[in-house]
Amino acid sequence: MAQEGPKRMNRRARRMRAAVLAALAIGVVLAIGMGVSVTGAGSTTAPTGTATAEVSVADYPDGDATSPVQHSLPDGTTNAGVQLGEHDSQTDAGDGPDSEFLLVYIESGDPPRPGVTVETLKDRANRTQAPLERYADRTPGVTVENSFWLGNIVVVRVDRDRVDVADLAAVENVARVRPNFEVSATNSAGTDTAIDPTRATVELAPTPASSDLTWGLDEINASAVWTEYGTKGEGVTVAVLDTGIDPDHPDIELNRWGEWDESGNPVGTSPQDYDRERTPGGHGTHVSGTVSGGDAGGIHIGVAPNVTLDHGAVLTDCDAHNCGGTLAQIIAGMQWAVDNDVDVLSMSLGAIGYYEEFISPIRDARSAGTIVVASSGNGGDGTTSSPGNVYDTFSVGSSDWNADIASTSSGEVIDTADDWGSDAPDDWPAEYVVPTLSAPGVLVNSSLPGGDYGHKNGTSMAAPHVSGAIALLQSATGVDLDVDDLETVLVETAWKPPGEPDNPDTRYGNGIIDVKAAVDLVKQGSEFNATVNATNSPVAEGDLLEVTVDVENIGNWTATQQLTLSVSDSQQDAATDSILATEEVTLDDGANTTVTFTVDTWNESMGVGDYDVEVATDNSTATTTVTVEHGVGTYANEDGIVRTSGVFAALNDWRDDTVDSDLVLDVVDAWRSENSVA
């Protein structure tokens, strides 16, 4: 049962109101994690807990939104998939006052499955979007402006004077038509502060045990992973979608940049943070610094300083009050990230309510192997924001240094049928709790444009802590964790203060993340067992020694380990062991494989005698004994050439009954040929 809080509206009324508000071109406000939202003059805030977003009416002279329209289809029925009004979407399409951009969602058939490839998603889009493209080609007033394979969505420009949107909705494979509404960010009052990085954490936030860390990094045990596991996120890519980034900040190392216009088409710009008119601004630079920032200012600000950082600017329409971007821009950024095979997609943005427009892109991203992390919102208990409240998202609430949850941090029990209705995929549970987890989001110190630093508040600041933590987890474990594994590990190792409920709740979710505990759990559950299956011992000196090993992953995760083979003279101290061969092995949990090591006894100076062979994984060892016997190589010099002295040595060994006559004849043949036996 949902936690006590603001009274829920009737679902039908709430969805109707959400449709009206989503239709406004600049109306849906992103609660992007900057504390308590501030509403400017001429604006109104929807009741807390309803499915509507905060809506600015200052852009419309009469201050009113219009009612949604149900269009009659040719057969006399109505199309519930059309939710439009007079101010539905961007209206500056260029063909007149009634020309606008719409997002057409295409029916995708079977639900996405884990492990789907980008090529599969592209093929699906090419096949299922074709009828709409043919319709646009033959219909004046309809133009395809862009198409996305992520989510299977087409952006069209429609002249409403010439085209009935119901006809568009009736095209084969069209599932629903939605406005390309704009989402934006508002700043909070008195909570974001530009600071001197060498003093501010002492003045405004507690000093952690290690004063060269922000309190947030200390709270989630990030530096313990750096120290014990020797990694800071190497080999993992995180893409942040936000207001842009200052690439020249000393704590920022940007790998890839992307930006898109209002229809989601790429534009060739240089990296920059568009949030520069607010004081302080730099929302995108700040959250990026929390993911990957260094310590150029004297304090470590980033959870995974060596992670590969991509940044997509999707909220680029900024002024002194907020930053905005269209839904098409956000989807374009998501597709760009997945197409570049990023491991983590971090979005510190969201609109209060339940916006199904985000569901299909998020599910496609997850199926392709990219985990989507999003802030839960800043509306307080009893509210959540999309995309953070989409079941397939890893949603994050905001905690402080006392392990308390910020009063503004959003959370609720989602009743799937009531809150999402028919928009919910069939595989979603009947109810679930948002947020998934919580992370530091109060007075978070990070980078700001111009080489500055500052504190910001909200779930926007919490989400990048989790994104960076996932990067550390992937990098430190040597385990190829899929999206479900990542979520499971972080949930199982999260913690709550004494007295808090054991089950997920609307304040903490499953608890506050502990990335060190998560890495420890995976390492414990990543166990390879090695057994020596066979060898070709005894071998003649100078011949190849073969050791065949069976390896099984008896742990809980798909993992990669280094299998090593070392050899020591059984008559000498084991300290003289030397690793002669290595093999990287990747196995799914429960899987096994066979590895054969080959050792050149001549090159490894393995003379006649018995040797102890050890094969090791990270978790186990297996040993056996092998024998190297006299061979032609025994009688060769250091260049591998058998000289006359070698022949006499072989004859002496024959007289002593150490070798047989066949070997002596082989030595003589080698002496005659003067060829190297090495």
# chains A, B, ... in the order shown; residues from 1 in each chain; ligands from 1
$ residues_around --residues "Phe148 (chain A)" --least-positions-apart "2" --cutoff "8 Å" --atoms "only C-alpha atoms" --output "PyMOL selection string"
chain A and resi 125+146+150-154+331-332+335
$ write_last_selection --atoms "C-alpha atoms" --output "compact mmCIF listing (two decimals), in the first residue's frame"
# COMPACT_ATOMS: atom_id res chain seq x y z
CA ALA A 125 12.82 0.72 -37.07
CA ASN A 146 13.84 12.76 -37.93
CA LEU A 150 15.73 3.81 -29.91
CA GLY A 151 12.12 3.65 -28.81
CA ASN A 152 11.02 3.39 -32.46
CA ILE A 153 9.88 7.01 -32.79
CA VAL A 154 9.48 9.36 -35.74
CA ILE A 331 15.68 10.84 -26.96
CA ALA A 332 18.36 11.80 -29.49
CA GLN A 335 20.15 7.04 -28.78
$ residues_around --residues "region 515-529 of chain A" --least-positions-apart "6" --cutoff "7 Å" --atoms "only C-alpha atoms" --output "list in words"
Ile220, Asn221, Ala222, Ala224, Val225, Ala469, Leu473, Ala476, Thr477, Val489, Leu490, Thr493, Val551, Glu552, Asn553, Ile554, Gly555, Asn556, Trp557, Ala559, Thr617, Asn619 and Ser620 of chain A
$ closest_residue --among "A:Lys232, A:Arg276, A:His321, A:His286" --to "Val307 (chain A)" --atoms "only C-alpha atoms"
A:Lys232
$ atom_distance --atom1 "CA of Val664 (chain A)" --atom2 "CA of Val647 (chain A)"
7.4 Å
$ residues_around --residues "Val539 (chain A)" --least-positions-apart "3" --cutoff "8 Å" --atoms "only C-alpha atoms" --output "list in words"
Asn536, Asp543, Leu544, Leu545, Thr627, Val628 and Glu629 of chain A
$ residues_around --residues "region 242-249 of chain A" --least-positions-apart "2" --cutoff "7 Å" --atoms "only C-alpha atoms" --output "JSON, numbers by chain"
{"A": [240, 251, 252, 253, 254, 271, 272, 273, 274, 275, 283, 284, 285, 311, 312, 313, 314, 315, 316, 347, 449, 450, 451]}
$ write_last_selection --atoms "N, CA and C atoms" --output "mmCIF file, in the first residue's frame"
data_model
loop_
_atom_site.group_PDB
_atom_site.id
_atom_site.type_symbol
_atom_site.label_atom_id
_atom_site.label_comp_id
_atom_site.auth_asym_id
_atom_site.auth_seq_id
_atom_site.Cartn_x
_atom_site.Cartn_y
_atom_site.Cartn_z
ATOM 1 N N VAL A 240 26.609 11.459 -19.789
ATOM 2 C CA VAL A 240 25.739 12.363 -19.040
ATOM 3 C C VAL A 240 24.941 13.188 -20.042
ATOM 4 N N ASP A 251 39.212 19.839 -13.876
ATOM 5 C CA ASP A 251 38.793 18.543 -13.352
ATOM 6 C C ASP A 251 37.930 17.759 -14.332
ATOM 7 N N ILE A 252 37.823 18.232 -15.559
ATOM 8 C CA ILE A 252 36.987 17.567 -16.558
ATOM 9 C C ILE A 252 37.858 17.083 -17.718
ATOM 10 N N GLU A 253 37.716 15.811 -18.069
ATOM 11 C CA GLU A 253 38.345 15.270 -19.268
ATOM 12 C C GLU A 253 37.242 14.657 -20.124
ATOM 13 N N LEU A 254 36.886 15.367 -21.178
ATOM 14 C CA LEU A 254 35.745 14.974 -22.008
ATOM 15 C C LEU A 254 36.198 14.098 -23.166
ATOM 16 N N PRO A 271 31.906 21.853 -27.479
ATOM 17 C CA PRO A 271 31.437 21.615 -26.107
ATOM 18 C C PRO A 271 31.324 22.906 -25.311
ATOM 19 N N GLN A 272 30.225 23.041 -24.608
ATOM 20 C CA GLN A 272 29.975 24.214 -23.771
ATOM 21 C C GLN A 272 28.829 23.890 -22.833
ATOM 22 N N ASP A 273 28.753 24.623 -21.729
ATOM 23 C CA ASP A 273 27.633 24.478 -20.802
ATOM 24 C C ASP A 273 26.687 25.645 -21.034
ATOM 25 N N TYR A 274 25.472 25.350 -21.502
ATOM 26 C CA TYR A 274 24.501 26.393 -21.819
ATOM 27 C C TYR A 274 23.869 27.006 -20.576
ATOM 28 N N ASP A 275 24.055 26.380 -19.433
ATOM 29 C CA ASP A 275 23.509 26.909 -18.180
ATOM 30 C C ASP A 275 24.494 27.916 -17.598
ATOM 31 N N HIS A 283 24.843 23.421 -14.404
ATOM 32 C CA HIS A 283 24.291 22.155 -13.907
ATOM 33 C C HIS A 283 24.966 20.948 -14.558
ATOM 34 N N GLY A 284 25.149 20.995 -15.882
ATOM 35 C CA GLY A 284 25.762 19.869 -16.578
ATOM 36 C C GLY A 284 27.211 19.658 -16.201
ATOM 37 N N THR A 285 27.953 20.748 -16.011
ATOM 38 C CA THR A 285 29.349 20.645 -15.587
ATOM 39 C C THR A 285 29.440 20.065 -14.185
ATOM 40 N N HIS A 311 29.409 13.512 -22.958
ATOM 41 C CA HIS A 311 28.363 14.440 -22.521
ATOM 42 C C HIS A 311 27.509 14.854 -23.712
ATOM 43 N N GLY A 312 26.206 14.701 -23.547
ATOM 44 C CA GLY A 312 25.255 15.133 -24.555
ATOM 45 C C GLY A 312 24.439 16.300 -24.047
ATOM 46 N N ALA A 313 24.468 17.419 -24.774
ATOM 47 C CA ALA A 313 23.709 18.612 -24.384
ATOM 48 C C ALA A 313 22.280 18.474 -24.899
ATOM 49 N N VAL A 314 21.330 18.273 -23.988
ATOM 50 C CA VAL A 314 19.929 18.097 -24.367
ATOM 51 C C VAL A 314 19.028 19.183 -23.784
ATOM 52 N N LEU A 315 19.552 19.982 -22.850
ATOM 53 C CA LEU A 315 18.805 21.091 -22.260
ATOM 54 C C LEU A 315 19.565 22.374 -22.587
ATOM 55 N N THR A 316 19.354 22.871 -23.774
ATOM 56 C CA THR A 316 20.208 23.935 -24.306
ATOM 57 C C THR A 316 19.524 25.292 -24.416
ATOM 58 N N MET A 347 21.032 10.595 -16.249
ATOM 59 C CA MET A 347 20.124 11.705 -16.554
ATOM 60 C C MET A 347 19.595 12.311 -15.254
ATOM 61 N N PRO A 449 31.450 25.887 -14.402
ATOM 62 C CA PRO A 449 32.154 26.475 -15.547
ATOM 63 C C PRO A 449 33.154 27.546 -15.125
ATOM 64 N N GLY A 450 34.183 27.698 -15.942
ATOM 65 C CA GLY A 450 35.202 28.701 -15.673
ATOM 66 C C GLY A 450 36.245 28.255 -14.673
ATOM 67 N N GLY A 451 36.350 26.947 -14.423
ATOM 68 C CA GLY A 451 37.326 26.459 -13.462
ATOM 69 C C GLY A 451 36.904 26.609 -12.026
#
